[in-house]
>>> print(open('upload_34.csv').read())   # CSV, C-alpha atoms
chain,number,residue,atom,x,y,z
A,1,MET,CA,120.9,118.2,77.2
A,2,LYS,CA,118.0,120.1,78.8
A,3,TRP,CA,115.5,119.0,76.2
A,4,LYS,CA,116.6,115.4,76.5
A,5,ASN,CA,116.2,115.5,80.3
A,6,GLN,CA,112.7,117.0,79.8
A,7,GLY,CA,112.0,114.2,77.3
A,8,TRP,CA,112.9,111.6,79.9
A,9,LEU,CA,110.7,113.3,82.5
A,10,TRP,CA,107.8,113.2,80.0
A,11,ALA,CA,108.4,109.5,79.4
A,12,ILE,CA,108.6,108.7,83.1
A,13,GLY,CA,105.4,110.7,83.7
A,14,LEU,CA,103.6,108.8,80.9
A,15,LEU,CA,104.8,105.5,82.3
A,16,ILE,CA,103.6,106.4,85.8
A,17,GLY,CA,100.3,107.5,84.4
A,18,ALA,CA,99.9,104.2,82.5
A,19,MET,CA,100.7,102.2,85.6
A,20,LEU,CA,98.1,104.1,87.5
A,21,VAL,CA,95.5,103.4,84.8
A,22,ILE,CA,96.3,99.7,84.9
A,23,LEU,CA,96.3,99.7,88.7
A,24,PHE,CA,92.8,101.1,88.9
A,25,SER,CA,91.4,99.2,86.0
A,26,THR,CA,92.4,96.0,87.6
A,27,GLY,CA,90.2,96.7,90.6
A,28,ALA,CA,92.4,98.6,93.1
A,29,THR,CA,90.1,99.6,96.0
A,30,PRO,CA,89.7,103.4,96.5
A,31,ILE,CA,89.9,103.3,100.3
A,32,LYS,CA,88.8,106.7,101.7
A,33,TRP,CA,89.8,106.0,105.3
A,34,THR,CA,89.9,103.3,108.0
A,35,PHE,CA,88.6,103.9,111.5
A,36,ASN,CA,90.5,101.8,114.1
A,37,VAL,CA,88.0,100.0,116.4
A,38,GLY,CA,88.5,96.8,118.4
A,39,ALA,CA,87.8,93.4,116.9
A,40,ASN,CA,84.2,92.3,116.6
A,41,GLY,CA,83.0,89.6,114.2
A,42,TYR,CA,79.3,90.5,114.4
A,43,ASN,CA,78.9,94.3,114.6
A,44,VAL,CA,77.4,95.6,111.5
A,45,PRO,CA,77.8,99.4,111.1
A,46,LEU,CA,74.8,101.7,111.2
A,47,VAL,CA,74.7,104.8,109.0
A,48,THR,CA,72.2,107.6,109.5
A,49,ALA,CA,70.8,110.2,107.2
A,50,ASP,CA,73.3,112.8,108.3
A,51,GLY,CA,76.2,110.5,107.5
A,52,THR,CA,77.1,109.5,111.0
A,53,ILE,CA,78.3,105.9,111.3
A,54,TYR,CA,77.8,103.9,114.5
A,55,VAL,CA,80.1,101.0,115.2
A,56,GLY,CA,80.9,98.9,118.2
A,57,ASP,CA,83.6,96.6,119.5
A,58,SER,CA,83.7,93.4,121.5
A,59,GLY,CA,84.3,95.3,124.8
A,60,GLY,CA,81.0,97.2,125.0
A,61,ARG,CA,82.2,100.5,123.4
A,62,LEU,CA,79.9,102.2,120.9
A,63,PHE,CA,81.6,104.8,118.6
A,64,ALA,CA,80.0,107.6,116.6
A,65,VAL,CA,82.1,108.3,113.5
A,66,ASN,CA,81.9,111.4,111.3
A,67,PRO,CA,81.7,111.0,107.5
A,68,ASP,CA,85.4,112.0,107.3
A,69,GLY,CA,86.5,109.2,109.5
A,70,THR,CA,87.1,111.2,112.7
A,71,GLU,CA,85.6,110.1,116.0
A,72,LYS,CA,82.5,112.1,117.1
A,73,TRP,CA,82.0,110.4,120.5
A,74,SER,CA,82.2,107.0,122.2
A,75,VAL,CA,80.4,105.5,125.1
A,76,ASN,CA,81.1,102.4,127.3
A,77,LEU,CA,78.0,100.1,127.7
A,78,GLY,CA,79.7,97.5,129.8
A,79,LEU,CA,81.7,94.4,129.1
A,80,ALA,CA,79.6,93.0,126.2
A,81,LEU,CA,79.7,92.3,122.5
A,82,ILE,CA,77.8,94.9,120.5
A,83,THR,CA,76.1,93.4,117.5
A,84,GLU,CA,73.7,95.4,115.3
A,85,PRO,CA,72.2,98.6,116.7
A,86,VAL,CA,69.0,100.2,115.3
A,87,ILE,CA,67.9,103.8,115.3
A,88,ALA,CA,64.5,105.3,116.1
A,89,PRO,CA,63.0,108.3,114.2
A,90,ASP,CA,63.9,110.6,117.1
A,91,GLY,CA,67.6,109.6,116.8
A,92,THR,CA,67.7,107.3,119.8
A,93,LEU,CA,69.9,104.2,119.3
A,94,TYR,CA,68.9,100.8,120.6
A,95,VAL,CA,72.0,98.6,121.0
A,96,PRO,CA,72.0,94.8,121.6
A,97,LEU,CA,74.5,93.6,124.1
A,98,PHE,CA,75.6,90.0,123.9
A,99,MET,CA,77.5,88.6,126.8
A,100,SER,CA,76.8,86.1,129.7
A,101,GLY,CA,75.3,87.2,133.0
A,102,LEU,CA,74.2,90.7,133.7
A,103,ALA,CA,76.2,92.2,130.8
A,104,GLY,CA,73.7,91.0,128.3
A,105,GLY,CA,70.6,93.1,127.4
A,106,ILE,CA,69.6,96.2,125.4
A,107,ALA,CA,70.8,99.7,125.8
A,108,SER,CA,69.2,103.0,124.8
A,109,VAL,CA,71.6,105.8,123.8
A,110,LYS,CA,70.9,109.4,122.8
A,111,ALA,CA,72.3,110.8,119.6
A,112,ASP,CA,74.9,112.7,121.6
A,113,GLY,CA,76.2,109.5,123.3
A,114,THR,CA,74.3,109.9,126.6
A,115,ILE,CA,73.0,106.6,128.0
A,116,ASN,CA,69.2,106.7,128.6
A,117,TRP,CA,69.0,103.2,130.2
A,118,ILE,CA,70.2,99.6,129.9
A,119,PHE,CA,67.7,96.8,130.3
A,120,HIS,CA,69.2,93.4,131.4
A,121,GLY,CA,66.0,91.3,131.8
A,122,THR,CA,66.5,89.6,128.4
A,123,GLY,CA,69.8,88.1,129.2
A,124,PRO,CA,72.3,88.1,126.3
A,125,VAL,CA,70.8,89.7,123.1
A,126,PHE,CA,72.4,88.7,119.8
A,127,ALA,CA,70.0,90.1,117.1
A,128,ALA,CA,69.0,93.7,116.5
A,129,PRO,CA,65.7,94.7,118.1
A,130,ALA,CA,62.6,95.6,116.1
A,131,LEU,CA,60.8,98.9,116.5
A,132,GLY,CA,57.0,99.3,116.4
A,133,ASN,CA,55.3,102.3,114.8
A,134,ASP,CA,54.3,103.5,118.2
A,135,GLY,CA,57.9,103.5,119.5
A,136,THR,CA,57.8,100.1,121.2
A,137,ILE,CA,61.1,98.2,121.2
A,138,TYR,CA,60.7,94.4,120.6
A,139,VAL,CA,63.6,92.2,121.7
A,140,GLY,CA,64.2,88.6,122.7
A,141,GLY,CA,67.2,87.1,124.3
A,142,TYR,CA,68.8,84.0,125.8
A,143,HIS,CA,66.5,84.0,128.8
A,144,SER,CA,63.8,82.7,126.5
A,145,ASN,CA,61.3,85.6,127.1
A,146,PHE,CA,60.2,88.0,124.5
A,147,PHE,CA,59.8,91.6,125.6
A,148,ALA,CA,58.0,94.7,124.4
A,149,LEU,CA,59.7,97.7,126.0
A,150,ASN,CA,58.4,101.3,126.3
A,151,PRO,CA,60.8,104.0,125.0
A,152,ASP,CA,61.6,104.8,128.7
A,153,GLY,CA,62.9,101.2,129.2
A,154,THR,CA,60.0,99.9,131.2
A,155,VAL,CA,58.3,96.6,130.3
A,156,ARG,CA,55.1,96.9,128.4
A,157,TRP,CA,54.5,93.1,128.2
A,158,THR,CA,56.3,89.8,128.1
A,159,ILE,CA,55.7,86.5,126.3
A,160,GLU,CA,57.3,83.4,127.7
A,161,THR,CA,58.7,80.8,125.2
A,162,GLY,CA,60.3,77.4,125.6
A,163,GLY,CA,63.7,78.2,124.1
A,164,VAL,CA,66.3,80.8,123.2
A,165,ILE,CA,65.3,83.8,121.0
A,166,ALA,CA,68.5,84.4,119.0
A,167,GLY,CA,67.1,85.8,115.8
A,168,LYS,CA,65.7,89.2,115.0
A,169,SER,CA,61.9,89.8,115.3
A,170,ALA,CA,59.8,91.4,112.5
A,171,VAL,CA,57.0,94.0,112.7
A,172,THR,CA,54.3,93.1,110.1
A,173,SER,CA,52.3,95.3,107.9
A,174,LEU,CA,49.4,94.9,110.4
A,175,GLY,CA,51.6,96.3,113.2
A,176,GLU,CA,51.9,92.9,114.9
A,177,VAL,CA,55.3,91.5,115.9
A,178,ALA,CA,56.5,88.0,114.8
A,179,PHE,CA,59.5,86.1,116.2
A,180,VAL,CA,60.8,82.5,116.4
A,181,SER,CA,62.2,80.6,119.3
A,182,SER,CA,64.5,77.6,119.6
A,183,ASP,CA,61.4,75.7,120.8
A,184,ASP,CA,60.6,75.5,117.1
A,185,HIS,CA,57.6,77.7,117.1
A,186,LEU,CA,56.6,80.9,115.2
A,187,TYR,CA,54.9,83.5,117.4
A,188,ILE,CA,52.8,86.4,116.3
A,189,ALA,CA,51.5,88.9,118.9
A,190,SER,CA,49.4,92.0,118.7
A,191,PRO,CA,50.8,95.4,119.8
A,192,ASP,CA,49.0,95.1,123.2
A,193,GLY,CA,50.7,91.7,123.9
A,194,GLN,CA,47.9,89.3,122.9
A,195,LEU,CA,49.5,86.1,121.5
A,196,ARG,CA,47.5,85.6,118.3
A,197,LEU,CA,49.5,82.7,116.9
A,198,ARG,CA,51.9,80.0,118.2
A,199,LYS,CA,52.7,77.7,115.3
A,200,LYS,CA,54.8,74.6,115.4
A,201,LEU,CA,57.4,74.7,112.6
A,202,SER,CA,59.5,71.5,112.8
A,203,GLU,CA,60.2,68.4,114.8
A,204,GLU,CA,63.8,68.2,113.7
A,205,HIS,CA,65.2,71.7,112.9
A,206,HIS,CA,65.4,74.8,114.9
A,207,ALA,CA,64.0,78.0,113.4
A,208,HIS,CA,66.7,80.7,113.2
A,209,THR,CA,65.2,83.9,111.8
A,210,VAL,CA,62.0,85.6,110.7
A,211,THR,CA,61.9,88.4,108.1
A,212,SER,CA,59.0,90.6,107.0
A,213,ALA,CA,58.6,90.8,103.2
A,214,PRO,CA,57.4,94.0,101.5
A,215,ASP,CA,53.9,92.5,100.9
A,216,GLY,CA,53.5,91.8,104.7
A,217,ALA,CA,54.3,88.0,104.5
A,218,LEU,CA,56.8,86.3,106.8
A,219,LEU,CA,59.9,84.4,105.8
A,220,VAL,CA,61.2,81.9,108.3
A,221,THR,CA,64.5,80.0,108.0
A,222,LEU,CA,65.0,76.5,109.4
A,223,VAL,CA,68.5,75.2,108.8
A,224,SER,CA,68.4,74.7,105.0
A,225,GLU,CA,64.7,75.4,104.5
A,226,LEU,CA,62.9,78.6,103.8
A,227,ARG,CA,59.2,78.8,104.7
A,228,PHE,CA,57.0,81.7,103.5
A,229,PHE,CA,53.9,82.4,105.5
A,230,THR,CA,51.0,84.9,105.1
A,231,SER,CA,50.7,87.6,107.7
A,232,GLY,CA,48.0,85.3,109.2
A,233,GLY,CA,50.4,82.4,109.6
A,234,ASP,CA,49.3,80.2,106.7
A,235,THR,CA,52.1,78.5,104.7
A,236,LYS,CA,52.5,79.9,101.2
A,237,TRP,CA,55.5,77.8,100.1
A,238,THR,CA,58.6,75.9,101.4
A,239,THR,CA,61.9,75.7,99.6
A,240,ASN,CA,64.8,73.5,100.5
A,241,LEU,CA,68.2,74.8,99.4
A,242,ARG,CA,69.5,71.2,99.3
A,243,ASP,CA,67.4,70.6,96.2
A,244,PHE,CA,69.6,73.0,94.2
A,245,ALA,CA,73.0,71.5,93.3
A,246,VAL,CA,76.1,73.8,93.6
A,247,PRO,CA,79.6,73.2,92.4
A,248,ARG,CA,82.1,71.9,95.0
A,249,THR,CA,85.3,73.0,93.3
A,250,GLY,CA,88.3,75.0,94.3
A,251,SER,CA,88.4,76.1,97.9
A,252,HIS,CA,84.9,74.8,98.5
A,253,THR,CA,86.3,71.3,98.8
A,254,VAL,CA,88.3,72.3,101.9
A,255,LEU,CA,86.7,74.4,104.5
A,256,THR,CA,83.0,73.8,103.9
A,257,ALA,CA,83.0,70.2,102.9
A,258,HIS,CA,81.2,69.4,106.1
A,259,LEU,CA,78.7,72.3,105.7
A,260,GLY,CA,75.4,72.1,103.9
A,261,PRO,CA,73.4,75.1,102.7
A,262,TYR,CA,72.5,76.1,106.3
A,263,VAL,CA,71.1,79.5,106.9
A,264,TYR,CA,71.9,81.4,110.1
A,265,VAL,CA,71.3,85.0,109.0
A,266,ASN,CA,68.3,87.0,107.9
A,267,PRO,CA,67.5,86.8,104.1
A,268,GLN,CA,67.1,90.0,102.1
A,269,CYS,CA,63.7,90.6,100.6
A,270,MET,CA,63.8,92.8,97.5
A,271,ALA,CA,61.2,95.2,96.1
A,272,ASP,CA,60.2,92.8,93.3
A,273,GLY,CA,59.5,90.0,95.7
A,274,SER,CA,62.7,88.1,95.1
A,275,ILE,CA,64.9,86.9,98.0
A,276,PHE,CA,68.6,86.6,98.5
A,277,VAL,CA,69.8,84.3,101.3
A,278,TYR,CA,73.4,83.5,102.3
A,279,ALA,CA,74.2,79.9,103.3
A,280,ALA,CA,77.1,78.4,105.2
A,281,ASN,CA,78.4,76.5,102.2
A,282,GLY,CA,79.6,79.8,100.7
A,283,TYR,CA,76.8,80.5,98.3
A,284,THR,CA,74.2,83.2,98.1
A,285,TYR,CA,70.9,81.9,96.7
A,286,ARG,CA,68.5,84.0,94.7
A,287,ILE,CA,64.9,82.9,95.1
A,288,SER,CA,61.7,84.0,93.3
A,289,SER,CA,58.7,85.4,95.0
A,290,LEU,CA,57.1,81.9,94.5
A,291,GLY,CA,59.9,80.0,96.1
A,292,LYS,CA,61.8,78.9,93.1
A,293,ILE,CA,65.6,78.9,93.4
A,294,LEU,CA,66.9,80.9,90.4
A,295,ALA,CA,70.6,80.9,91.0
A,296,ALA,CA,73.4,80.3,93.5
A,297,ILE,CA,76.2,82.9,93.5
A,298,ASP,CA,79.6,82.0,94.8
A,299,THR,CA,80.2,84.3,97.7
A,300,GLY,CA,83.6,82.9,98.7
A,301,GLU,CA,84.3,80.8,101.7
A,302,ASN,CA,84.4,82.2,105.2
A,303,GLU,CA,84.7,79.9,108.2
A,304,ASN,CA,82.6,82.3,110.3
A,305,HIS,CA,79.5,81.3,108.3
A,306,ASP,CA,77.0,82.8,110.7
A,307,ARG,CA,78.0,86.4,109.7
A,308,GLN,CA,75.5,88.6,107.8
A,309,PRO,CA,77.3,89.5,104.5
A,310,MET,CA,74.4,91.1,102.7
A,311,GLY,CA,72.9,94.6,102.6
A,312,VAL,CA,70.5,96.5,100.3
A,313,THR,CA,71.1,100.0,99.0
A,314,SER,CA,68.5,102.7,98.8
A,315,GLY,CA,68.2,101.9,95.1
A,316,ASN,CA,67.2,98.3,96.0
A,317,GLU,CA,70.5,96.7,94.9
A,318,LEU,CA,72.5,94.2,96.8
A,319,LEU,CA,75.8,94.9,98.5
A,320,LEU,CA,77.7,91.7,99.2
A,321,ALA,CA,80.8,91.0,101.2
A,322,TYR,CA,82.9,88.4,99.4
A,323,GLU,CA,85.6,86.5,101.3
A,324,LYS,CA,87.6,83.4,100.6
A,325,THR,CA,89.6,81.8,103.4
A,326,LEU,CA,92.4,79.2,103.0
A,327,ARG,CA,94.3,76.8,105.1
A,328,ILE,CA,97.9,75.7,104.5
A,329,PRO,CA,99.3,72.8,106.7
A,330,THR,CA,102.7,73.6,108.1
A,331,GLY,CA,103.2,70.4,110.0
A,332,ALA,CA,101.6,67.6,111.9
A,333,GLY,CA,100.4,69.9,114.6
A,334,SER,CA,99.8,73.3,113.0
A,335,TYR,CA,98.6,75.1,110.0
A,336,LEU,CA,98.2,78.6,108.6
A,337,THR,CA,94.7,80.0,108.0
A,338,GLY,CA,93.4,83.4,106.9
A,339,THR,CA,91.9,85.5,104.2
A,340,GLU,CA,93.1,84.8,100.7
A,341,GLU,CA,90.8,87.2,98.9
A,342,ALA,CA,88.2,89.7,100.0
A,343,ALA,CA,85.9,92.2,98.2
A,344,VAL,CA,82.7,94.2,98.3
A,345,VAL,CA,80.4,93.4,95.4
A,346,LYS,CA,77.3,95.2,94.1
A,347,LEU,CA,74.6,93.1,92.5
A,348,ALA,CA,71.6,94.3,90.5
A,349,ILE,CA,68.2,93.0,91.6
A,350,ASP,CA,68.5,90.2,89.0
A,351,GLY,CA,71.8,89.0,90.5
A,352,THR,CA,74.1,90.3,87.8
A,353,GLU,CA,77.4,91.8,89.1
A,354,GLN,CA,77.7,95.6,88.6
A,355,TRP,CA,81.1,96.1,90.3
A,356,ARG,CA,83.6,94.5,92.6
A,357,LEU,CA,86.0,96.3,94.9
A,358,PRO,CA,88.8,94.3,96.3
A,359,ILE,CA,89.8,94.8,100.0
A,360,PRO,CA,93.6,94.9,100.4
A,361,GLY,CA,95.5,92.6,102.7
A,362,ARG,CA,95.7,89.2,100.9
A,363,PHE,CA,96.1,86.1,103.0
A,364,ASN,CA,96.5,87.6,106.4
A,365,ALA,CA,97.0,84.5,108.5
A,366,LEU,CA,98.0,83.1,111.9
A,367,ARG,CA,99.5,79.8,112.9
A,368,MET,CA,97.0,77.4,114.5
A,369,LEU,CA,98.1,74.8,116.9
A,370,GLU,CA,96.4,71.4,117.2
A,371,PHE,CA,96.1,69.6,120.5
A,372,GLY,CA,95.0,66.0,120.6
A,373,ARG,CA,91.8,66.6,122.6
A,374,PHE,CA,90.8,69.5,120.4
A,375,SER,CA,91.4,67.7,117.1
A,376,GLN,CA,87.7,67.5,116.3
A,377,GLN,CA,87.0,71.1,117.1
A,378,ARG,CA,90.0,72.1,115.0
A,379,GLN,CA,88.3,70.9,111.9
A,380,PHE,CA,85.5,73.5,112.5
A,381,GLY,CA,87.9,76.4,113.0
A,382,PHE,CA,88.9,75.9,116.7
A,383,GLY,CA,91.5,78.3,117.9
A,384,GLN,CA,92.6,81.9,117.2
A,385,ARG,CA,91.7,83.2,113.8
A,386,ASP,CA,92.8,86.3,111.8
A,387,TYR,CA,90.6,87.0,108.8
A,388,GLN,CA,89.3,90.1,107.1
A,389,GLY,CA,86.1,89.1,108.8
A,390,LEU,CA,83.9,91.2,106.5
A,391,LEU,CA,80.3,91.9,107.6
A,392,LYS,CA,77.3,93.3,105.8
A,393,PRO,CA,78.3,96.4,103.8
A,394,VAL,CA,76.1,99.5,104.1
A,395,MET,CA,75.9,102.6,101.9
A,396,GLY,CA,75.9,106.1,103.2
A,397,PRO,CA,73.8,109.0,101.9
A,398,ASP,CA,76.6,110.2,99.8
A,399,GLY,CA,77.2,106.8,98.2
A,400,THR,CA,80.2,105.8,100.4
A,401,VAL,CA,80.3,102.1,101.2
A,402,TYR,CA,81.1,101.1,104.7
A,403,VAL,CA,82.2,97.6,105.6
A,404,ARG,CA,83.2,96.2,109.0
A,405,ALA,CA,86.4,94.1,109.1
A,406,MET,CA,88.0,92.5,112.1
A,407,ARG,CA,90.5,95.4,112.3
A,408,GLY,CA,88.0,98.2,112.1
A,409,LEU,CA,85.6,100.2,109.8
A,410,ILE,CA,86.6,100.7,106.2
A,411,ALA,CA,85.1,103.5,104.1
A,412,ILE,CA,85.2,102.9,100.3
A,413,GLN,CA,84.5,105.2,97.4
A,414,PRO,CA,82.6,103.0,94.8
A,415,PRO,CA,83.0,103.6,91.1
A,416,ARG,CA,80.6,106.0,89.4
A,417,ASN,CA,77.7,104.4,87.5
>>> encode(input="upload_34.csv", output="structure tokens")
Amino acid sequence: MKWKNQGWLWAIGLLIGAMLVILFSTGATPIKWTFNVGANGYNVPLVTADGTIYVGDSGGRLFAVNPDGTEKWSVNLGLALITEPVIAPDGTLYVPLFMSGLAGGIASVKADGTINWIFHGTGPVFAAPALGNDGTIYVGGYHSNFFALNPDGTVRWTIETGGVIAGKSAVTSLGEVAFVSSDDHLYIASPDGQLRLRKKLSEEHHAHTVTSAPDGALLVTLVSELRFFTSGGDTKWTTNLRDFAVPRTGSHTVLTAHLGPYVYVNPQCMADGSIFVYAANGYTYRISSLGKILAAIDTGENENHDRQPMGVTSGNELLLAYEKTLRIPTGAGSYLTGTEEAAVVKLAIDGTEQWRLPIPGRFNALRMLEFGRFSQQRQFGFGQRDYQGLLKPVMGPDGTVYVRAMRGLIAIQPPRN
């Protein structure tokens, strides 16, 4: 009887082992930990060389998180939405604050959480600031002026534009700074504030972002167009994403039927000169250094299409947040909407998939109510939403992948190569 019982135990153990093998072979995500931080649909985590992770919420709190998921410190920067902070070589953090009125601006925070200063002259700041080689902080905001700030928070110089500056600026290989405004111009200024170029871009489309390529060239996005300029401002090539047909099957016929390949976020320029760019239609396009569209990768469908879902690893590979949202009508005046599937994907530089890590919590949804006067807005996602809300994944120095979701910061152990 004793031997028989031991035999049953061995059988049960083998069965459990087989189930675990099947579970992990089918893509179960090895979550290391989750750090609970308030909802924020635009705050991309920042990871430093010592493994500290900086993450913010929509109430103006910035958290420093240890590599084991415990809180290191937190600081309150005022009632504002923290978007994407950057870090200077001396460890100082520069944190964009997006909110109306005096709450908007840029904050300087020491590595220990002490506030150096908060500058409000920009108005609300959505994009991450750019840092010059001499320590200058370049930042634009919704007050339409572009600022160069000294490390102590004083203004070095200002350039007035005719529109909102919502996108990130770029420091060129020559040490100049380039930025775009909603007045549809590309600006290039020298480090001392001399405006070297003010170039008209379009009569019809607003410029959204400017990105500096490894060779010093500038990549500007205008709705569905990408324009590549030399560092001097001469046009190298123009690519329209509308010219590349993508399949409109599955969920892509529902949520993004009204959206074209519009680009609201910064493209990623790879070391070989190729470019990855995420569009509102749910596809990530891979483009050659000469402007030829090579492929369109199905990135899933996310109603918040102005999020940045792409990051580049130290090995020059692409980390991509995949998310598919879904709506289910529940009656004439309401429906359910939420995340049906979510994952972090690693792509090689040629676009081939290396691994895919599912994020748990399938179809997390809330009921949406339709009111007659809001019926049009409802079609574009009006109302309260509850998605995974994945943002750009980043990789820590030990290989851990961190991704921001609506509920907090998730640390993931990727598979070994």
>>> residues_around(input="upload_34.csv", residues="region 74-78 of chain A", least_positions_apart="5", cutoff="10 Å", atoms="only C-alpha atoms", output="list in words")
Tyr54, Val55, Gly56, Gly59, Gly60, Arg61, Leu62, Phe63, Ala64, Val65, Val95, Leu97, Met99, Leu102, Ala103, Gly104, Ile106, Ala107, Ser108, Val109, Asp112, Gly113, Thr114, Ile115, Trp117 and Ile118 of chain A
>>> write_last_selection(input="upload_34.csv", atoms="C-alpha atoms", output="PDB file, keeping the file's coordinate frame")
ATOM      1  CA  TYR A  54      77.800 103.900 114.500  1.00  0.00           C
ATOM      2  CA  VAL A  55      80.100 101.000 115.200  1.00  0.00           C
ATOM      3  CA  GLY A  56      80.900  98.900 118.200  1.00  0.00           C
ATOM      4  CA  GLY A  59      84.300  95.300 124.800  1.00  0.00           C
ATOM      5  CA  GLY A  60      81.000  97.200 125.000  1.00  0.00           C
ATOM      6  CA  ARG A  61      82.200 100.500 123.400  1.00  0.00           C
ATOM      7  CA  LEU A  62      79.900 102.200 120.900  1.00  0.00           C
ATOM      8  CA  PHE A  63      81.600 104.800 118.600  1.00  0.00           C
ATOM      9  CA  ALA A  64      80.000 107.600 116.600  1.00  0.00           C
ATOM     10  CA  VAL A  65      82.100 108.300 113.500  1.00  0.00           C
ATOM     11  CA  VAL A  95      72.000  98.600 121.000  1.00  0.00           C
ATOM     12  CA  LEU A  97      74.500  93.600 124.100  1.00  0.00           C
ATOM     13  CA  MET A  99      77.500  88.600 126.800  1.00  0.00           C
ATOM     14  CA  LEU A 102      74.200  90.700 133.700  1.00  0.00           C
ATOM     15  CA  ALA A 103      76.200  92.200 130.800  1.00  0.00           C
ATOM     16  CA  GLY A 104      73.700  91.000 128.300  1.00  0.00           C
ATOM     17  CA  ILE A 106      69.600  96.200 125.400  1.00  0.00           C
ATOM     18  CA  ALA A 107      70.800  99.700 125.800  1.00  0.00           C
ATOM     19  CA  SER A 108      69.200 103.000 124.800  1.00  0.00           C
ATOM     20  CA  VAL A 109      71.600 105.800 123.800  1.00  0.00           C
ATOM     21  CA  ASP A 112      74.900 112.700 121.600  1.00  0.00           C
ATOM     22  CA  GLY A 113      76.200 109.500 123.300  1.00  0.00           C
ATOM     23  CA  THR A 114      74.300 109.900 126.600  1.00  0.00           C
ATOM     24  CA  ILE A 115      73.000 106.600 128.000  1.00  0.00           C
ATOM     25  CA  TRP A 117      69.000 103.200 130.200  1.00  0.00           C
ATOM     26  CA  ILE A 118      70.200  99.600 129.900  1.00  0.00           C
TER      27      ILE A 118
END
>>> atom_distance(input="upload_34.csv", atom1="CA of Thr161 (chain A)", atom2="CA of Ser202 (chain A)")
15.5 Å
>>> closest_residue(input="upload_34.csv", among="A:Val86, A:Ile287, A:Val139, A:Ala207", to="Leu186 (chain A)", atoms="all atoms listed in the file")
A:Ala207
>>> closest_residue(input="upload_34.csv", among="A:Val47, A:Asn266, A:Ile188, A:Gly41", to="Ala128 (chain A)", atoms="all atoms listed in the file")
A:Asn266
>>> closest_residue(input="upload_34.csv", among="A:Thr136, A:Asp90, A:Thr34, A:Val180", to="Pro67 (chain A)", atoms="all atoms listed in the file")
A:Thr34
>>> closest_residue(input="upload_34.csv", among="A:Asp298, A:Asp215, A:Asp272, A:Glu225", to="Thr172 (chain A)", atoms="all atoms listed in the file")
A:Asp215
>>> closest_residue(input="upload_34.csv", among="A:Ala166, A:Met395, A:Val277, A:Val44", to="Asp57 (chain A)", atoms="all atoms listed in the file")
A:Val44
>>> atom_distance(input="upload_34.csv", atom1="CA of Cys269 (chain A)", atom2="CA of Thr211 (chain A)")
8.0 Å
>>> atom_distance(input="upload_34.csv", atom1="CA of Lys346 (chain A)", atom2="CA of Glu317 (chain A)")
7.0 Å
>>> residues_around(input="upload_34.csv", residues="Leu197 (chain A)", least_positions_apart="4", cutoff="12 Å", atoms="all atoms listed in the file", output="ChimeraX atom specification")
/A:159,176-180,185-190,193,231-234
>>> closest_residue(input="upload_34.csv", among="A:Met406, A:Ala88, A:Leu222, A:Leu357", to="Gly38 (chain A)", atoms="only C-alpha atoms")
A:Met406
>>> residues_around(input="upload_34.csv", residues="Val164 (chain A)", least_positions_apart="3", cutoff="6 Å", atoms="all atoms listed in the file", output="list in words")
Tyr142, Ser144, Ser181 and Ser182 of chain A
>>> residues_near_point(input="upload_34.csv", point="(70.5, 75.7, 101.7)", cutoff="6 Å", atoms="only C-alpha atoms", output="short mmCIF file (atom, residue, chain, number, x, y, z; two decimals) with C-alpha atoms, keeping the file's coordinate frame")
data_model
loop_
_atom_site.label_atom_id
_atom_site.label_comp_id
_atom_site.auth_asym_id
_atom_site.auth_seq_id
_atom_site.Cartn_x
_atom_site.Cartn_y
_atom_site.Cartn_z
CA SER A 224 68.40 74.70 105.00
CA LEU A 241 68.20 74.80 99.40
CA ARG A 242 69.50 71.20 99.30
CA PRO A 261 73.40 75.10 102.70
CA TYR A 262 72.50 76.10 106.30
CA ALA A 279 74.20 79.90 103.30
#
>>> residues_around(input="upload_34.csv", residues="Ser274 (chain A)", least_positions_apart="2", cutoff="9 Å", atoms="all atoms listed in the file", output="PyMOL selection string")
chain A and resi 268-272+276+286-291+349-350
>>> write_last_selection(input="upload_34.csv", atoms="C-alpha atoms", output="PDB file, in the frame of the given file")
ATOM      1  CA  GLN A 268      67.100  90.000 102.100  1.00  0.00           C
ATOM      2  CA  CYS A 269      63.700  90.600 100.600  1.00  0.00           C
ATOM      3  CA  MET A 270      63.800  92.800  97.500  1.00  0.00           C
ATOM      4  CA  ALA A 271      61.200  95.200  96.100  1.00  0.00           C
ATOM      5  CA  ASP A 272      60.200  92.800  93.300  1.00  0.00           C
ATOM      6  CA  PHE A 276      68.600  86.600  98.500  1.00  0.00           C
ATOM      7  CA  ARG A 286      68.500  84.000  94.700  1.00  0.00           C
ATOM      8  CA  ILE A 287      64.900  82.900  95.100  1.00  0.00           C
ATOM      9  CA  SER A 288      61.700  84.000  93.300  1.00  0.00           C
ATOM     10  CA  SER A 289      58.700  85.400  95.000  1.00  0.00           C
ATOM     11  CA  LEU A 290      57.100  81.900  94.500  1.00  0.00           C
ATOM     12  CA  GLY A 291      59.900  80.000  96.100  1.00  0.00           C
ATOM     13  CA  ILE A 349      68.200  93.000  91.600  1.00  0.00           C
ATOM     14  CA  ASP A 350      68.500  90.200  89.000  1.00  0.00           C
TER      15      ASP A 350
END
>>> residues_around(input="upload_34.csv", residues="Pro414 (chain A)", least_positions_apart="6", cutoff="8 Å", atoms="only C-alpha atoms", output="count of residues only")
5
